[in-house]
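S.K.: One file: protein.pdb (PDB, C-alpha atoms).
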ATOM      1  CA  MET A  20     114.850 -67.322 119.908
ATOM      2  CA  PHE A  21     113.451 -69.170 122.920
ATOM      3  CA  ASN A  22     109.966 -68.321 124.171
ATOM      4  CA  SER A  23     110.353 -69.428 127.774
ATOM      5  CA  LEU A  24     112.533 -71.296 130.233
ATOM      6  CA  PHE A  25     111.321 -74.015 132.576
ATOM      7  CA  GLY A  26     113.389 -75.052 135.554
ATOM      8  CA  VAL A  27     113.991 -74.970 139.285
ATOM      9  CA  LEU A  28     114.136 -71.581 140.971
ATOM     10  CA  THR A  29     117.355 -71.527 143.012
ATOM     11  CA  LYS A  30     117.698 -67.925 144.187
ATOM     12  CA  LYS A  31     115.964 -64.538 144.275
ATOM     13  CA  ASN A  32     118.028 -61.333 144.189
ATOM     14  CA  VAL A  33     116.469 -57.976 145.096
ATOM     15  CA  PHE A  34     118.058 -54.689 144.078
ATOM     16  CA  ASP A  35     117.015 -51.044 144.411
ATOM     17  CA  LYS A  36     115.068 -50.760 141.154
ATOM     18  CA  SER A  37     114.986 -54.306 139.812
ATOM     19  CA  ALA A  38     115.344 -57.966 140.722
ATOM     20  CA  SER A  39     116.787 -61.131 139.268
ATOM     21  CA  ILE A  40     116.447 -64.853 139.779
ATOM     22  CA  PHE A  41     118.618 -67.883 139.148
ATOM     23  CA  LEU A  42     116.833 -70.651 137.244
ATOM     24  CA  ASP A  43     118.393 -74.118 137.032
ATOM     25  CA  CYS A  44     117.431 -75.657 133.689
ATOM     26  CA  GLY A  45     119.415 -78.858 133.959
ATOM     27  CA  SER A  46     123.015 -78.378 132.895
ATOM     28  CA  VAL A  47     122.698 -74.575 132.786
ATOM     29  CA  GLU A  48     121.711 -72.086 135.492
ATOM     30  CA  TRP A  49     120.441 -68.809 134.045
ATOM     31  CA  GLU A  50     120.300 -65.396 135.670
ATOM     32  CA  ILE A  51     117.065 -63.736 134.582
ATOM     33  CA  TRP A  52     116.115 -60.132 135.288
ATOM     34  CA  ILE A  53     112.495 -59.652 136.338
ATOM     35  CA  PRO A  54     110.184 -56.852 137.554
ATOM     36  CA  LYS A  55     110.226 -56.526 141.353
ATOM     37  CA  THR A  56     106.429 -56.787 141.274
ATOM     38  CA  ALA A  57     106.788 -60.415 140.137
ATOM     39  CA  LEU A  58     108.758 -61.555 143.189
ATOM     40  CA  ASP A  59     105.771 -62.295 145.412
ATOM     41  CA  ARG A  60     104.145 -64.386 142.687
ATOM     42  CA  LEU A  61     107.145 -66.657 142.229
ATOM     43  CA  PRO A  62     107.366 -70.030 143.979
ATOM     44  CA  PHE A  63     109.858 -70.698 146.758
ATOM     45  CA  PRO A  64     113.466 -71.611 145.863
ATOM     46  CA  GLY A  65     113.685 -75.313 145.096
ATOM     47  CA  GLU A  66     110.367 -75.354 143.251
ATOM     48  CA  GLU A  67     109.802 -75.449 139.496
ATOM     49  CA  THR A  68     108.502 -72.518 137.498
ATOM     50  CA  ARG A  69     108.165 -71.267 133.938
ATOM     51  CA  ILE A  70     109.492 -67.862 132.891
ATOM     52  CA  PHE A  71     108.597 -66.153 129.602
ATOM     53  CA  THR A  72     111.735 -64.545 128.250
ATOM     54  CA  TYR A  73     113.201 -61.746 126.173
ATOM     55  CA  LEU A  74     116.864 -61.929 125.151
ATOM     56  CA  TYR A  75     118.646 -58.580 124.896
ATOM     57  CA  HIS A  76     121.963 -58.515 123.048
ATOM     58  CA  HIS A  77     123.880 -55.290 122.449
ATOM     59  CA  GLU A  78     127.588 -55.254 121.585
ATOM     60  CA  ASP A  79     129.264 -57.135 124.464
ATOM     61  CA  LEU A  80     126.196 -57.146 126.729
ATOM     62  CA  MET A  81     123.698 -60.003 126.857
ATOM     63  CA  LYS A  82     120.864 -60.202 129.396
ATOM     64  CA  ILE A  83     117.731 -62.290 129.726
ATOM     65  CA  TYR A  84     114.597 -60.537 130.942
ATOM     66  CA  GLY A  85     111.815 -62.678 132.346
ATOM     67  CA  PHE A  86     108.088 -62.411 132.999
ATOM     68  CA  LEU A  87     105.417 -64.575 134.579
ATOM     69  CA  SER A  88     103.023 -64.230 131.641
ATOM     70  CA  PRO A  89     103.159 -63.500 127.898
ATOM     71  CA  GLU A  90     101.040 -60.410 128.621
ATOM     72  CA  ASP A  91     103.639 -58.900 130.955
ATOM     73  CA  ARG A  92     106.286 -59.568 128.328
ATOM     74  CA  SER A  93     104.113 -57.832 125.728
ATOM     75  CA  LEU A  94     103.934 -54.757 127.955
ATOM     76  CA  PHE A  95     107.732 -54.802 128.273
ATOM     77  CA  LEU A  96     108.077 -54.918 124.477
ATOM     78  CA  ASP A  97     105.544 -52.095 124.091
ATOM     79  CA  LEU A  98     107.582 -49.966 126.488
ATOM     80  CA  LEU A  99     110.660 -50.526 124.319
ATOM     81  CA  THR A 100     108.873 -48.827 121.408
ATOM     82  CA  VAL A 101     108.835 -45.535 123.331
ATOM     83  CA  GLU A 102     111.725 -43.217 122.483
ATOM     84  CA  GLY A 103     114.363 -43.159 125.193
ATOM     85  CA  ILE A 104     113.234 -46.342 126.943
ATOM     86  CA  GLY A 105     115.596 -49.303 126.887
ATOM     87  CA  PRO A 106     115.319 -52.648 128.670
ATOM     88  CA  SER A 107     116.608 -51.332 132.011
ATOM     89  CA  ALA A 108     114.202 -48.387 132.008
ATOM     90  CA  ALA A 109     111.293 -50.614 130.961
ATOM     91  CA  LEU A 110     112.067 -53.023 133.793
ATOM     92  CA  LYS A 111     112.263 -50.129 136.261
ATOM     93  CA  ILE A 112     108.802 -48.932 135.194
ATOM     94  CA  MET A 113     107.319 -52.411 135.533
ATOM     95  CA  SER A 114     109.019 -52.800 138.920
ATOM     96  CA  SER A 115     107.377 -49.650 140.255
ATOM     97  CA  MET A 116     103.738 -50.743 139.868
ATOM     98  CA  GLU A 117     101.482 -53.609 138.810
ATOM     99  CA  THR A 118     100.456 -53.822 135.155
ATOM    100  CA  ASN A 119      96.815 -52.889 135.767
ATOM    101  CA  VAL A 120      97.855 -49.807 137.781
ATOM    102  CA  PHE A 121     100.189 -48.682 134.997
ATOM    103  CA  VAL A 122      97.586 -49.108 132.250
ATOM    104  CA  LYS A 123      94.922 -47.339 134.335
ATOM    105  CA  ALA A 124      97.246 -44.367 134.891
ATOM    106  CA  LEU A 125      98.065 -44.326 131.188
ATOM    107  CA  GLU A 126      94.432 -44.289 130.086
ATOM    108  CA  GLU A 127      93.466 -41.634 132.646
ATOM    109  CA  ASP A 128      96.411 -39.351 131.793
ATOM    110  CA  ASP A 129      97.517 -39.663 135.409
ATOM    111  CA  ILE A 130     100.872 -38.002 134.938
ATOM    112  CA  THR A 131     101.519 -37.960 138.699
ATOM    113  CA  VAL A 132     101.513 -41.758 138.957
ATOM    114  CA  LEU A 133     103.556 -42.230 135.786
ATOM    115  CA  GLU A 134     106.111 -39.617 136.869
ATOM    116  CA  LYS A 135     107.021 -41.690 139.904
ATOM    117  CA  ALA A 136     108.075 -44.518 137.631
ATOM    118  CA  ALA A 137     109.567 -42.728 134.661
ATOM    119  CA  GLY A 138     109.969 -38.999 135.260
ATOM    120  CA  LYS A 139     107.835 -36.228 133.767
ATOM    121  CA  LYS A 140     109.196 -36.163 130.203
ATOM    122  CA  THR A 141     109.124 -39.929 129.771
ATOM    123  CA  ALA A 142     105.664 -40.097 131.353
ATOM    124  CA  GLN A 143     104.391 -37.714 128.683
ATOM    125  CA  LYS A 144     105.998 -39.849 125.969
ATOM    126  CA  LEU A 145     104.335 -42.949 127.409
ATOM    127  CA  ILE A 146     100.903 -41.351 127.181
ATOM    128  CA  LEU A 147     101.447 -40.119 123.627
ATOM    129  CA  LYS A 148     102.807 -43.454 122.387
ATOM    130  CA  LEU A 149     100.808 -46.066 124.283
ATOM    131  CA  LYS A 150      97.504 -44.567 125.412
ATOM    132  CA  GLY A 151      94.603 -46.457 123.843
ATOM    133  CA  LYS A 152      96.814 -49.350 122.755
ATOM    134  CA  LEU A 153      96.851 -51.311 126.013
ATOM    135  CA  VAL A 154      93.667 -52.715 127.528
ATOM    136  CA  VAL A 155      93.401 -54.313 130.942
ATOM    137  CA  SER A 156      90.631 -55.365 133.309
ATOM    138  CA  PRO A 157      90.660 -57.058 136.727
ATOM    139  CA  SER A 158      90.539 -60.508 135.117
ATOM    140  CA  GLU A 159      92.695 -59.768 132.114
ATOM    141  CA  GLY A 160      96.266 -58.929 131.226
ATOM    142  CA  VAL A 161      97.643 -56.527 128.649
ATOM    143  CA  SER A 162      96.088 -56.344 125.185
ATOM    144  CA  GLY A 163      92.763 -57.688 126.456
ATOM    145  CA  LYS A 164      94.044 -61.232 126.767
ATOM    146  CA  ASN A 165      93.185 -63.392 129.731
ATOM    147  CA  GLU A 166      96.010 -63.893 132.231
ATOM    148  CA  PHE A 167      95.759 -67.632 131.499
ATOM    149  CA  GLU A 168      95.389 -67.254 127.741
ATOM    150  CA  ASP A 169      97.080 -70.578 126.941
ATOM    151  CA  VAL A 170      94.553 -72.440 129.113
ATOM    152  CA  VAL A 171      91.617 -70.492 127.684
ATOM    153  CA  THR A 172      92.736 -71.094 124.090
ATOM    154  CA  ALA A 173      93.231 -74.825 124.692
ATOM    155  CA  LEU A 174      89.749 -75.152 126.199
ATOM    156  CA  CYS A 175      88.147 -73.158 123.391
ATOM    157  CA  SER A 176      89.826 -75.446 120.846
ATOM    158  CA  MET A 177      87.891 -78.297 122.477
ATOM    159  CA  GLY A 178      84.611 -76.576 121.656
ATOM    160  CA  PHE A 179      83.892 -74.676 124.876
ATOM    161  CA  ASP A 180      82.495 -71.128 124.623
ATOM    162  CA  ARG A 181      85.120 -68.475 125.403
ATOM    163  CA  LYS A 182      82.547 -66.308 127.204
ATOM    164  CA  ILE A 183      81.962 -69.177 129.623
ATOM    165  CA  VAL A 184      85.569 -70.365 129.796
ATOM    166  CA  GLU A 185      87.220 -67.047 130.769
ATOM    167  CA  PRO A 186      85.218 -66.332 133.946
ATOM    168  CA  ALA A 187      85.410 -70.015 134.920
ATOM    169  CA  VAL A 188      89.211 -69.989 134.594
ATOM    170  CA  ASP A 189      89.526 -66.741 136.559
ATOM    171  CA  LYS A 190      87.309 -68.047 139.362
ATOM    172  CA  ALA A 191      89.150 -71.371 139.588
ATOM    173  CA  ALA A 192      92.522 -69.590 139.598
ATOM    174  CA  ARG A 193      91.481 -67.371 142.507
ATOM    175  CA  GLU A 194      90.254 -70.407 144.450
ATOM    176  CA  ILE A 195      93.483 -72.353 143.908
ATOM    177  CA  LEU A 196      95.776 -69.382 144.644
ATOM    178  CA  LYS A 197      93.899 -68.652 147.857
ATOM    179  CA  VAL A 198      94.750 -72.124 149.156
ATOM    180  CA  GLU A 199      98.149 -72.508 147.450
ATOM    181  CA  PRO A 200      99.599 -69.003 146.878
ATOM    182  CA  GLY A 201     103.042 -70.367 146.019
ATOM    183  CA  ILE A 202     101.945 -72.895 143.402
ATOM    184  CA  PRO A 203     104.233 -72.832 140.312
ATOM    185  CA  ARG A 204     102.590 -71.294 137.267
ATOM    186  CA  ASP A 205     102.924 -74.378 135.077
ATOM    187  CA  GLU A 206     101.319 -76.546 137.767
ATOM    188  CA  LEU A 207      98.542 -73.986 138.190
ATOM    189  CA  GLU A 208      97.822 -74.038 134.451
ATOM    190  CA  LYS A 209      97.642 -77.851 134.424
ATOM    191  CA  ARG A 210      95.261 -77.807 137.398
ATOM    192  CA  LEU A 211      93.094 -75.145 135.773
ATOM    193  CA  PHE A 212      92.857 -77.075 132.506
ATOM    194  CA  LYS A 213      91.707 -80.270 134.241
ATOM    195  CA  GLU A 214      89.415 -78.452 136.674
ATOM    196  CA  ILE A 215      87.592 -76.431 134.016
ATOM    197  CA  ILE A 216      87.020 -79.494 131.822
ATOM    198  CA  VAL A 217      85.344 -81.214 134.778
ATOM    199  CA  ARG A 218      83.277 -78.157 135.728
ATOM    200  CA  LEU A 219      82.054 -77.369 132.221
ATOM    201  CA  SER A 220      81.401 -80.999 131.322
ATOM    202  CA  THR A 221      78.969 -81.344 134.232
ATOM    203  CA  HIS A 222      76.820 -78.410 133.079
TER     204      HIS A 222
END
Please, can you express the file's structure as structure tokens?
M.R.:
Amino acid sequence: MFNSLFGVLTKKNVFDKSASIFLDCGSVEWEIWIPKTALDRLPFPGEETRIFTYLYHHEDLMKIYGFLSPEDRSLFLDLLTVEGIGPSAALKIMSSMETNVFVKALEEDDITVLEKAAGKKTAQKLILKLKGKLVVSPSEGVSGKNEFEDVVTALCSMGFDRKIVEPAVDKAAREILKVEPGIPRDELEKRLFKEIIVRLSTH
């Protein structure tokens, strides 16, 4: 099972309740289904990007679902644990709102918001199954992990304090994205890693 695919984004396809992209990984071009909410965060066609993946195989159907972070993929997998929700329904839910909005509605029993994405019965199932299990904050992704968890973990392994690293990474990410909103995720992570080492080493 592959964890992610790295390649050149060649095309974006937008549909009513979902979206897909074509990713050229050398000798193979993959079609990957993604949440519509991820479209604006992807680089322009012709640029490189990394997509975290989930392979769905059922009888004669095989589809690859993709996400911009491991945390978004974790939310997708959590949605699949709810009775009656398959990959297509999970993608539809994630396409209807950002992750932090979904988790906030879940924790506040905001059935009205959840209904718009999943219908009343499924919204109730979501609350019963997932409430209290997903944690999100403005600077974090699902399950309480930082959006740039790989960068944070790598820096902490070098001896830096996580409590100092996390806010530093978040601040640097906002600064870089403000100037270069279309920067590929892998390039952003490399820049963050180097930038934070410099910043923390001078303190």
S.K.: Selection in question (the file shown): the PyMOL selection byres ((chain A and resi 91) around 9). Which residues does it include, as a PyMOL selection string?
M.R.: chain A and resi 71+86-90+92-96+113+118+160-161
S.K.: Using all atoms listed in the file, pick whichever of A:Glu134, A:Glu214, A:Asp79, A:Glu102 has the shortest atom-to-atom distance to A:Lys190.
M.R.: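 Closest candidate: A:Glu214.
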S.K.: Between atom CA of A:Gly85 and atom CA of A:Ser39, measure the distance and give it in Å to one decimal.
M.R.: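 For atom CA of A:Gly85 relative to atom CA of A:Ser39, the distance reads 8.7 Å.
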S.K.: With the file shown as input, list the residues that the PyMOL selection byres ((chain A and resi 147) around 12) selects, as a PDB file with C-alpha atoms, keeping the file's coordinate frame.
M.R.:
ATOM      1  CA  LEU A  98     107.582 -49.966 126.488  1.00  0.00           C
ATOM      2  CA  THR A 100     108.873 -48.827 121.408  1.00  0.00           C
ATOM      3  CA  VAL A 101     108.835 -45.535 123.331  1.00  0.00           C
ATOM      4  CA  GLU A 102     111.725 -43.217 122.483  1.00  0.00           C
ATOM      5  CA  LEU A 125      98.065 -44.326 131.188  1.00  0.00           C
ATOM      6  CA  GLU A 126      94.432 -44.289 130.086  1.00  0.00           C
ATOM      7  CA  ASP A 128      96.411 -39.351 131.793  1.00  0.00           C
ATOM      8  CA  ILE A 130     100.872 -38.002 134.938  1.00  0.00           C
ATOM      9  CA  LYS A 140     109.196 -36.163 130.203  1.00  0.00           C
ATOM     10  CA  THR A 141     109.124 -39.929 129.771  1.00  0.00           C
ATOM     11  CA  ALA A 142     105.664 -40.097 131.353  1.00  0.00           C
ATOM     12  CA  GLN A 143     104.391 -37.714 128.683  1.00  0.00           C
ATOM     13  CA  LYS A 144     105.998 -39.849 125.969  1.00  0.00           C
ATOM     14  CA  LEU A 145     104.335 -42.949 127.409  1.00  0.00           C
ATOM     15  CA  ILE A 146     100.903 -41.351 127.181  1.00  0.00           C
ATOM     16  CA  LYS A 148     102.807 -43.454 122.387  1.00  0.00           C
ATOM     17  CA  LEU A 149     100.808 -46.066 124.283  1.00  0.00           C
ATOM     18  CA  LYS A 150      97.504 -44.567 125.412  1.00  0.00           C
ATOM     19  CA  GLY A 151      94.603 -46.457 123.843  1.00  0.00           C
ATOM     20  CA  LYS A 152      96.814 -49.350 122.755  1.00  0.00           C
TER      21      LYS A 152
END
S.K.: Let me make sure I understand: among A:Pro64, A:Pro54, A:Gly103, A:Pro200, which one has the smallest atom-to-atom distance to A:Asp35 if we use all atoms listed in the file?
M.R.: A:Pro54
S.K.: Just give me the gap between atom CA of A:Val171 and atom CA of A:Thr72 in Å, one decimal is fine.
M.R.: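 Atom-to-atom, atom CA of A:Val171 to atom CA of A:Thr72, that is 21.0 Å.
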S.K.: Of the candidates A:Lys182, A:Arg204, A:Arg218, A:Lys111, which shows the shortest atom-to-atom distance to A:Phe25, using all atoms listed in the file?
M.R.: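 Smallest distance to A:Phe25 is found for A:Arg204.
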S.K.: Skipping near chain neighbours, those fewer than 4 positions away, what residues fall within 9 Å of A:Glu50 using only C-alpha atoms, listed as a list in words?
M.R.: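 So, after excluding close chain neighbours, the residues are Ser39, Ile40, Phe41, Leu42, Lys82, Ile83 and Tyr84 of chain A.
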